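Next comes protein12.pdb, with PDB, C-alpha atoms and all ligand atoms.
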```pdb
ATOM      1  CA  MET A   1     -13.035  16.143 -14.653
ATOM      2  CA  LEU A   2     -10.741  13.282 -13.738
ATOM      3  CA  VAL A   3     -12.097  10.779 -11.249
ATOM      4  CA  LEU A   4      -9.722   8.444  -9.434
ATOM      5  CA  ASN A   5     -12.330   5.731  -9.194
ATOM      6  CA  GLU A   6     -12.308   5.500 -12.987
ATOM      7  CA  VAL A   7      -8.629   4.548 -13.093
ATOM      8  CA  GLU A   8      -8.422   0.770 -13.475
ATOM      9  CA  GLY A   9      -7.297  -0.867 -10.236
ATOM     10  CA  TRP A  10      -8.428  -2.627  -7.094
ATOM     11  CA  LEU A  11      -8.269  -0.010  -4.364
ATOM     12  CA  SER A  12     -11.440   0.875  -2.477
ATOM     13  CA  LEU A  13     -12.263   4.428  -1.468
ATOM     14  CA  GLU A  14     -11.398   3.599   2.161
ATOM     15  CA  VAL A  15      -7.917   2.415   1.216
ATOM     16  CA  ILE A  16      -7.375   5.427  -1.059
ATOM     17  CA  GLU A  17      -8.256   7.672   1.884
ATOM     18  CA  LEU A  18      -5.947   5.693   4.147
ATOM     19  CA  LEU A  19      -2.990   6.104   1.760
ATOM     20  CA  GLN A  20      -3.632   9.829   1.476
ATOM     21  CA  ASP A  21      -3.883  10.110   5.238
ATOM     22  CA  LEU A  22      -0.584   8.239   5.739
ATOM     23  CA  CYS A  23       1.053  10.519   3.137
ATOM     24  CA  LYS A  24       0.030  13.520   5.174
ATOM     25  CA  LYS A  25       1.090  11.974   8.507
ATOM     26  CA  ARG A  26       4.499  10.677   7.373
ATOM     27  CA  PRO A  27       7.691  12.444   8.536
ATOM     28  CA  THR A  28       8.014  15.761   6.674
ATOM     29  CA  ASN A  29       9.918  15.955   3.378
ATOM     30  CA  SER A  30      10.385  12.201   3.168
ATOM     31  CA  ASP A  31       9.978  10.279  -0.075
ATOM     32  CA  ILE A  32       7.416   7.548  -0.635
ATOM     33  CA  LEU A  33       7.764   4.189  -2.362
ATOM     34  CA  GLU A  34       5.254   1.709  -3.666
ATOM     35  CA  VAL A  35       5.852  -1.788  -4.988
ATOM     36  CA  GLY A  36       3.090  -2.705  -7.447
ATOM     37  CA  THR A  37       1.740   0.152  -9.520
ATOM     38  CA  TRP A  38      -0.265  -1.452 -12.353
ATOM     39  CA  LYS A  39      -1.881   1.548 -14.116
ATOM     40  CA  GLY A  40      -1.355   3.925 -11.236
ATOM     41  CA  LYS A  41      -4.462   4.072  -9.065
ATOM     42  CA  SER A  42      -2.569   3.980  -5.755
ATOM     43  CA  ALA A  43       0.241   6.113  -7.217
ATOM     44  CA  ILE A  44      -2.194   8.847  -8.260
ATOM     45  CA  ALA A  45      -3.892   8.700  -4.851
ATOM     46  CA  MET A  46      -0.559   9.371  -3.125
ATOM     47  CA  ALA A  47       1.129  11.693  -5.638
ATOM     48  CA  THR A  48      -1.802  14.088  -5.751
ATOM     49  CA  VAL A  49      -1.391  14.863  -2.029
ATOM     50  CA  LEU A  50       2.411  14.889  -2.080
ATOM     51  CA  ASP A  51       4.320  18.098  -1.340
ATOM     52  CA  ARG A  52       6.571  19.615  -4.016
ATOM     53  CA  ASP A  53       9.865  18.538  -2.439
ATOM     54  CA  SER A  54       9.091  14.825  -2.196
ATOM     55  CA  ILE A  55       9.108  12.022  -4.737
ATOM     56  CA  LEU A  56       7.008   8.892  -5.132
ATOM     57  CA  HIS A  57       9.077   5.921  -6.333
ATOM     58  CA  CYS A  58       6.953   3.437  -8.276
ATOM     59  CA  VAL A  59       8.505  -0.016  -8.503
ATOM     60  CA  ASP A  60       6.881  -2.504 -10.866
ATOM     61  CA  THR A  61       7.868  -5.067 -13.456
ATOM     62  CA  PHE A  62       4.829  -3.770 -15.396
ATOM     63  CA  ILE A  63       4.172  -7.260 -16.753
ATOM     64  CA  GLY A  64       1.521  -8.101 -14.158
ATOM     65  CA  SER A  65       1.512 -10.657 -11.369
ATOM     66  CA  GLN A  66       0.850 -14.339 -11.998
ATOM     67  CA  GLU A  67      -2.879 -13.857 -11.453
ATOM     68  CA  HIS A  68      -3.029 -11.035 -14.052
ATOM     69  CA  GLN A  69      -1.084 -13.043 -16.628
ATOM     70  CA  HIS A  70      -3.426 -15.931 -15.985
ATOM     71  CA  LEU A  71      -6.440 -13.661 -16.459
ATOM     72  CA  TYR A  72      -5.347 -11.370 -19.306
ATOM     73  CA  GLY A  73      -2.473 -13.258 -21.012
ATOM     74  CA  GLU A  74       0.518 -11.071 -21.871
ATOM     75  CA  VAL A  75       0.407  -7.800 -19.964
ATOM     76  CA  ASN A  76       2.251  -4.495 -20.139
ATOM     77  CA  THR A  77       0.807  -1.627 -18.129
ATOM     78  CA  LEU A  78       3.686   0.854 -18.398
ATOM     79  CA  LYS A  79       2.203   2.877 -21.276
ATOM     80  CA  ASP A  80      -1.200   3.202 -19.582
ATOM     81  CA  PHE A  81       0.536   4.235 -16.370
ATOM     82  CA  GLN A  82       2.561   6.911 -18.147
ATOM     83  CA  GLU A  83      -0.576   8.226 -19.858
ATOM     84  CA  ASN A  84      -2.365   8.406 -16.508
ATOM     85  CA  LEU A  85       0.545  10.345 -14.980
ATOM     86  CA  LYS A  86       0.333  12.833 -17.838
ATOM     87  CA  ALA A  87      -3.450  13.179 -17.558
ATOM     88  CA  TRP A  88      -3.211  13.813 -13.818
ATOM     89  CA  GLN A  89      -0.222  16.154 -14.281
ATOM     90  CA  ILE A  90       1.917  14.385 -11.709
ATOM     91  CA  GLU A  91       4.807  13.201 -13.919
ATOM     92  CA  ASN A  92       7.280  15.384 -12.022
ATOM     93  CA  LYS A  93       6.331  13.848  -8.666
ATOM     94  CA  VAL A  94       6.884  10.228  -9.719
ATOM     95  CA  ARG A  95      10.026   8.234 -10.470
ATOM     96  CA  ILE A  96       9.412   4.980 -12.320
ATOM     97  CA  HIS A  97      11.590   1.933 -11.574
ATOM     98  CA  ILE A  98      11.040  -1.019 -13.877
ATOM     99  CA  GLY A  99      11.893  -4.144 -11.867
ATOM    100  CA  THR A 100      11.548  -5.394  -8.315
ATOM    101  CA  SER A 101      12.417  -4.063  -4.844
ATOM    102  CA  LYS A 102      15.799  -5.780  -5.190
ATOM    103  CA  ASP A 103      16.630  -3.659  -8.243
ATOM    104  CA  VAL A 104      15.776  -0.397  -6.548
ATOM    105  CA  ALA A 105      17.318  -1.020  -3.114
ATOM    106  CA  GLU A 106      20.853   0.154  -3.913
ATOM    107  CA  HIS A 107      19.522   3.536  -5.091
ATOM    108  CA  LEU A 108      17.849   4.277  -1.769
ATOM    109  CA  ASP A 109      19.474   5.366   1.492
ATOM    110  CA  ASP A 110      18.601   3.649   4.752
ATOM    111  CA  ASP A 111      16.108   5.610   6.894
ATOM    112  CA  SER A 112      15.063   7.815   3.976
ATOM    113  CA  LEU A 113      11.438   6.917   3.184
ATOM    114  CA  GLY A 114       8.342   8.146   5.020
ATOM    115  CA  LEU A 115       5.826   5.690   3.583
ATOM    116  CA  ILE A 116       6.115   2.326   1.839
ATOM    117  CA  PHE A 117       3.087   0.708   0.206
ATOM    118  CA  ILE A 118       3.454  -2.954  -0.760
ATOM    119  CA  ASP A 119       1.069  -4.163  -3.453
ATOM    120  CA  GLY A 120       3.255  -6.174  -5.845
ATOM    121  CA  SER A 121       3.474  -9.947  -6.073
ATOM    122  CA  HIS A 122       1.542 -11.618  -3.251
ATOM    123  CA  ASP A 123       3.750 -14.728  -3.214
ATOM    124  CA  TYR A 124       5.386 -15.388   0.136
ATOM    125  CA  ALA A 125       8.998 -15.225  -1.142
ATOM    126  CA  ASP A 126       8.402 -11.949  -3.014
ATOM    127  CA  VAL A 127       6.554 -10.252  -0.144
ATOM    128  CA  LEU A 128       9.298 -11.373   2.233
ATOM    129  CA  GLN A 129      11.924  -9.899  -0.084
ATOM    130  CA  ASP A 130      10.000  -6.624  -0.356
ATOM    131  CA  TYR A 131       9.718  -6.389   3.420
ATOM    132  CA  GLN A 132      13.301  -7.362   4.237
ATOM    133  CA  ILE A 133      14.837  -5.083   1.623
ATOM    134  CA  LEU A 134      12.613  -2.073   2.196
ATOM    135  CA  PHE A 135      11.975  -1.940   5.956
ATOM    136  CA  PRO A 136      15.534  -0.641   6.661
ATOM    137  CA  LYS A 137      14.853   2.175   4.166
ATOM    138  CA  LEU A 138      11.954   3.430   6.283
ATOM    139  CA  LYS A 139      12.494   6.348   8.651
ATOM    140  CA  ILE A 140      11.537   6.005  12.303
ATOM    141  CA  GLY A 141       8.004   7.430  12.462
ATOM    142  CA  GLY A 142       7.346   6.363   8.871
ATOM    143  CA  TYR A 143       4.562   4.002   7.821
ATOM    144  CA  MET A 144       4.498   0.705   5.955
ATOM    145  CA  ALA A 145       1.255  -0.671   4.491
ATOM    146  CA  PHE A 146       0.483  -4.055   2.917
ATOM    147  CA  HIS A 147      -2.483  -4.305   0.567
ATOM    148  CA  ASP A 148      -4.308  -7.659   0.271
ATOM    149  CA  SER A 149      -3.027  -8.622   3.700
ATOM    150  CA  LYS A 150      -5.433 -11.547   3.892
ATOM    151  CA  TRP A 151      -3.720 -13.314   0.963
ATOM    152  CA  PRO A 152      -1.811 -16.323   2.358
ATOM    153  CA  GLY A 153       1.672 -15.124   1.269
ATOM    154  CA  VAL A 154       1.167 -11.624   2.637
ATOM    155  CA  ARG A 155      -0.451 -12.897   5.815
ATOM    156  CA  LYS A 156       2.411 -15.302   6.509
ATOM    157  CA  VAL A 157       5.022 -12.546   6.186
ATOM    158  CA  LEU A 158       3.006 -10.297   8.489
ATOM    159  CA  TRP A 159       2.558 -12.883  11.221
ATOM    160  CA  GLU A 160       5.990 -14.499  11.019
ATOM    161  CA  GLU A 161       8.191 -11.509  10.279
ATOM    162  CA  VAL A 162       6.501  -8.162  10.764
ATOM    163  CA  PHE A 163       4.405  -8.416  13.927
ATOM    164  CA  PRO A 164       7.113  -9.971  16.121
ATOM    165  CA  THR A 165       9.824  -7.606  14.851
ATOM    166  CA  LYS A 166      11.580  -4.835  16.716
ATOM    167  CA  ASN A 167      10.479  -1.309  15.771
ATOM    168  CA  THR A 168       7.031  -2.387  14.622
ATOM    169  CA  GLY A 169       4.228  -0.646  16.456
ATOM    170  CA  LEU A 170       0.716   0.721  16.293
ATOM    171  CA  ILE A 171      -0.469  -1.976  13.890
ATOM    172  CA  LYS A 172      -3.857  -1.305  12.340
ATOM    173  CA  ARG A 173      -5.999  -2.623   9.525
ATOM    174  CA  ILE A 174      -8.500  -0.989   7.186
ATOM    175  CA  GLU A 175     -10.378  -3.500   5.050
ATOM    176  CA  ASP A 176      -7.677  -5.630   3.415
ATOM    177  CA  THR A 177      -4.793  -3.265   4.144
ATOM    178  CA  THR A 178      -2.640  -3.752   7.224
ATOM    179  CA  TYR A 179      -0.332  -0.921   8.194
ATOM    180  CA  PHE A 180       1.987   0.035  11.012
ATOM    181  CA  GLN A 181       4.496   2.614  12.090
ATOM    182  CA  LYS A 182       8.239   2.156  12.515
ATOM    183  CA  THR A 183       8.761   3.017  16.140
ATOM    184  CA  PRO A 184      11.971   4.029  17.937
ATOM    185  CA  HIS A 185      11.627   1.203  20.447
ATOM    186  CA  SER A 186      10.129  -2.268  20.482
ATOM    187  CA  TYR A 187       6.549  -2.784  21.477
ATOM    188  CA  TYR A 188       5.589  -6.042  23.093
ATOM    189  CA  LEU A 189       4.119  -8.378  20.493
ATOM    190  CA  ILE A 190       1.121  -8.933  22.700
ATOM    191  CA  TRP A 191       0.412  -5.185  22.778
ATOM    192  CA  ASN A 192       0.588  -5.031  18.950
ATOM    193  CA  LEU A 193      -1.836  -7.904  18.669
ATOM    194  CA  ILE A 194      -4.271  -6.395  21.164
ATOM    195  CA  GLN A 195      -4.291  -3.215  19.079
ATOM    196  CA  LEU A 196      -4.931  -5.181  15.910
ATOM    197  CA  PHE A 197      -7.745  -7.053  17.625
ATOM    198  CA  VAL A 198      -9.361  -3.832  18.907
ATOM    199  CA  GLU A 199      -9.034  -2.254  15.455
ATOM    200  CA  GLN A 200     -10.704  -5.283  13.926
ATOM    201  CA  ARG A 201     -13.642  -5.073  16.334
ATOM    202  CA  LYS A 202     -14.044  -1.342  15.610
ATOM    203  CA  GLN A 203     -14.299  -2.147  11.926
ATOM    204  CA  ASP A 204     -16.781  -4.962  12.534
ATOM    205  CA  LEU A 205     -18.875  -2.486  14.492
ATOM    206  CA  LYS A 206     -18.697   0.111  11.685
ATOM    207  CA  ARG A 207     -19.709  -2.524   9.126
ATOM    208  CA  TYR A 208     -22.564  -3.667  11.366
ATOM    209  CA  LYS A 209     -23.804  -0.072  11.792
ATOM    210  CA  ARG A 210     -23.635   0.527   8.033
ATOM    211  CA  LYS A 211     -25.646  -2.638   7.358
ATOM    212  CA  ALA A 212     -28.205  -1.777  10.034
ATOM    213  CA  ARG A 213     -28.613   1.741   8.614
ATOM    214  CA  LYS A 214     -29.167   0.346   5.110
ATOM    215  CA  LYS A 215     -31.712  -2.144   6.416
ATOM    216  CA  TYR A 216     -33.508   0.572   8.375
ATOM    217  CA  PHE A 217     -33.798   2.880   5.358
ATOM    218  CA  ARG A 218     -34.960   0.060   3.097
ATOM    219  CA  PHE A 219     -37.593  -0.871   5.692
ATOM    220  CA  ASN A 220     -38.846   2.730   5.888
ATOM    221  CA  GLU A 221     -39.232   3.045   2.129
ATOM    222  CA  TYR A 222     -42.329   0.868   2.316
TER     223      TYR A 222
HETATM  224  C1  LIG A 301      -2.302  -5.600  -7.713
HETATM  225  S1  LIG A 301      -1.314  -4.822  -8.897
HETATM  226  C2  LIG A 301      -1.002  -3.251  -8.198
HETATM  227  C3  LIG A 301      -2.223  -2.396  -8.144
HETATM  228  C4  LIG A 301      -1.952  -0.937  -7.875
HETATM  229  N1  LIG A 301      -1.344  -0.720  -6.589
HETATM  230  C5  LIG A 301      -3.254  -0.144  -7.995
HETATM  231  O1  LIG A 301      -3.589   0.617  -7.085
HETATM  232  O2  LIG A 301      -3.933  -0.262  -9.002
HETATM  233  C6  LIG A 301       0.187  -5.670  -8.696
HETATM  234  C7  LIG A 301       1.336  -5.124  -9.536
HETATM  235  O3  LIG A 301       2.546  -5.699  -9.043
HETATM  236  C8  LIG A 301       3.432  -5.929 -10.116
HETATM  237  N2  LIG A 301       4.373  -6.963  -9.674
HETATM  238  C9  LIG A 301       4.205  -8.301  -9.620
HETATM  239  N3  LIG A 301       5.283  -8.907  -9.096
HETATM  240  C10 LIG A 301       6.160  -7.916  -8.788
HETATM  241  C11 LIG A 301       7.444  -7.888  -8.200
HETATM  242  N4  LIG A 301       8.068  -9.011  -7.791
HETATM  243  N5  LIG A 301       8.054  -6.689  -8.048
HETATM  244  C12 LIG A 301       7.453  -5.547  -8.446
HETATM  245  N6  LIG A 301       6.215  -5.506  -8.991
HETATM  246  C13 LIG A 301       5.580  -6.666  -9.162
HETATM  247  C14 LIG A 301       2.549  -6.315 -11.269
HETATM  248  O4  LIG A 301       3.175  -6.037 -12.498
HETATM  249  C15 LIG A 301       1.289  -5.469 -11.020
HETATM  250  O5  LIG A 301       1.321  -4.309 -11.797
END
```
Written form, structure tokens:
Amino acid sequence: MLVLNEVEGWLSLEVIELLQDLCKKRPTNSDILEVGTWKGKSAIAMATVLDRDSILHCVDTFIGSQEHQHLYGEVNTLKDFQENLKAWQIENKVRIHIGTSKDVAEHLDDDSLGLIFIDGSHDYADVLQDYQILFPKLKIGGYMAFHDSKWPGVRKVLWEEVFPTKNTGLIKRIEDTTYFQKTPHSYYLIWNLIQLFVEQRKQDLKRYKRKARKKYFRFNEY
């Protein structure tokens, strides 16, 4: 049996569940796009819950980000990704785009996507480009999620560009993934930030409860 956790990648179970949840909640019959595919962990998570009429666009240079090249030397993950698609039998749900968000933009209509997942380069200029090029492609009611949102480049784009922007609402965070919905009207920035703050506290509380439970069980073993 195939197990998603065995596909090489960095997504936690919580974030996998989040992506699958956003897939289900996105506007019906809308396509999905991710920037940053690597060997396909996030792509498999989303494509396996995707309806037959929708497509997942996977945008990646497939040569790794700076940190991967630094770690592994020369990288090419395209073949592994294609093999994973075959193994999971989702080749017909995925369209591969070799390049960056800039290369794919002209092939996408405005207001056509229901979910965009950004997990490519984490450099400020690249994240900014991904956001500025792709946000107009998102339908009202659609979701946009940024993985590794505590990385400085990603964080800066979120705080300087995304949070204060029109049509950004209902901002939430799960672990290191910040996501929000494209709303028909502008929310007040302060309201967005209060929501983010509340969400953060809820997660702190969950983490605290989990820790306490672990401690309790360990204590009772003796
Ligand atoms: C962190 S990995 C993606 C992990 C993947 N989402 C997963 O679940 O396993 C980042 C990927 O972004 C790609 N990448 C780096 N810079 C990029 C850029 N400017 N545009 C598109 N992809 C890029 C790299 O080739 C790499 O495969």
Selection within 10 Å of ligand LIG 301 (chain A) by only C-alpha atoms and all ligand atoms, output as a ChimeraX atom specification: /A:7-12,15-16,34-45,58-69,75-78,81,97-104,117-123,125-127,129-130,147-148
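For the set A:Leu113, A:Ile55, A:Leu189, A:Val49, the residue with the smallest atom-to-atom gap to Glu91 of chain A is A:Ile55, counting only C-alpha atoms.
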Name the closest residue to Lys206 of chain A among the candidates A:Phe180, A:Gly141, A:Leu50, A:Glu175; distances are taken between atoms, counting all atoms listed in the file. A:Glu175
State, in Å with one decimal place, the distance from atom CA of Ala47 of chain A to atom CA of Ile171 of chain A.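 Atom-to-atom, atom CA of Ala47 of chain A and atom CA of Ile171 of chain A are spaced 23.9 Å apart.
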Work out where the centre of an axis-aligned box around every listed atom of segment 3-19 of chain A lies and how long its edges are once 6 Å is added on each side; give both in Å to one decimal as JSON.
```
{"center_x": -7.7, "center_y": 4.1, "center_z": -4.7, "size_x": 21.3, "size_y": 25.4, "size_z": 29.6}
```
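The residues that lie within 9 Å of the point (0.5, -8.4, 2.7), counting all atoms listed in the file, are Ile118, Asp119, His122, Tyr124, Val127, Ala145, Phe146, His147, Asp148, Ser149, Lys150, Trp151, Pro152, Gly153, Val154, Arg155, Lys156, Val157, Leu158, Asp176, Thr177 and Thr178 of chain A.
For the pair atom CA of Val162 of chain A and atom CA of His185 of chain A, the interatomic distance is 14.4 Å.
Evaluated against this file, the PyMOL selection byres (((chain A and resi 166) around 10) and not hetatm) yields A:Glu161, A:Val162, A:Phe163, A:Pro164, A:Thr165, A:Asn167, A:Thr168, A:Gly169, A:Lys182, A:Thr183, A:Pro184, A:His185, A:Ser186, A:Tyr187, A:Tyr188, A:Leu189.
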Find the distance between atom CA of Lys137 of chain A and atom CA of Leu33 of chain A and write it in Å to one decimal.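 Atom CA of Lys137 of chain A sits 9.8 Å away from atom CA of Leu33 of chain A.
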Among the residues A:Leu2, A:Arg207, A:Tyr216, A:Gly114, the one that comes closest to Ala87 of chain A [using all atoms listed in the file]: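 Nearest candidate to Ala87 of chain A out of A:Leu2, A:Arg207, A:Tyr216, A:Gly114: A:Leu2.
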For the point (7.7, 12.9, -14.7) in the file's frame, write as number ranges by chain all residues with an atom no more than 12 Å away, counting all atoms listed in the file. A: 47, 55-58, 81-96
Residue selection dump (C-alpha atoms) as a PDB file, in the coordinates of the input:
```pdb
ATOM      1  CA  ALA A  47       1.129  11.693  -5.638  1.00  0.00           C
ATOM      2  CA  ILE A  55       9.108  12.022  -4.737  1.00  0.00           C
ATOM      3  CA  LEU A  56       7.008   8.892  -5.132  1.00  0.00           C
ATOM      4  CA  HIS A  57       9.077   5.921  -6.333  1.00  0.00           C
ATOM      5  CA  CYS A  58       6.953   3.437  -8.276  1.00  0.00           C
ATOM      6  CA  PHE A  81       0.536   4.235 -16.370  1.00  0.00           C
ATOM      7  CA  GLN A  82       2.561   6.911 -18.147  1.00  0.00           C
ATOM      8  CA  GLU A  83      -0.576   8.226 -19.858  1.00  0.00           C
ATOM      9  CA  ASN A  84      -2.365   8.406 -16.508  1.00  0.00           C
ATOM     10  CA  LEU A  85       0.545  10.345 -14.980  1.00  0.00           C
ATOM     11  CA  LYS A  86       0.333  12.833 -17.838  1.00  0.00           C
ATOM     12  CA  ALA A  87      -3.450  13.179 -17.558  1.00  0.00           C
ATOM     13  CA  TRP A  88      -3.211  13.813 -13.818  1.00  0.00           C
ATOM     14  CA  GLN A  89      -0.222  16.154 -14.281  1.00  0.00           C
ATOM     15  CA  ILE A  90       1.917  14.385 -11.709  1.00  0.00           C
ATOM     16  CA  GLU A  91       4.807  13.201 -13.919  1.00  0.00           C
ATOM     17  CA  ASN A  92       7.280  15.384 -12.022  1.00  0.00           C
ATOM     18  CA  LYS A  93       6.331  13.848  -8.666  1.00  0.00           C
ATOM     19  CA  VAL A  94       6.884  10.228  -9.719  1.00  0.00           C
ATOM     20  CA  ARG A  95      10.026   8.234 -10.470  1.00  0.00           C
ATOM     21  CA  ILE A  96       9.412   4.980 -12.320  1.00  0.00           C
TER      22      ILE A  96
END
```
Residue neighbourhood Ser54 of chain A, 7 Å, only C-alpha atoms, exclusion window fewer than 3 positions, as JSON, numbers by chain: {"A": [29, 30, 31, 50, 51]}
For the residues in the current selection, export C-alpha atoms as a PDB file, in the coordinates of the input.
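Listed below is the output, selection09.pdb:
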```
ATOM      1  CA  ASN A  29       9.918  15.955   3.378  1.00  0.00           C
ATOM      2  CA  SER A  30      10.385  12.201   3.168  1.00  0.00           C
ATOM      3  CA  ASP A  31       9.978  10.279  -0.075  1.00  0.00           C
ATOM      4  CA  LEU A  50       2.411  14.889  -2.080  1.00  0.00           C
ATOM      5  CA  ASP A  51       4.320  18.098  -1.340  1.00  0.00           C
TER       6      ASP A  51
END
```
Taking all atoms listed in the file into account, name the residue in A:Arg213, A:Trp159, A:Pro27, A:Asn5 that is nearest to Gln181 of chain A. A:Pro27
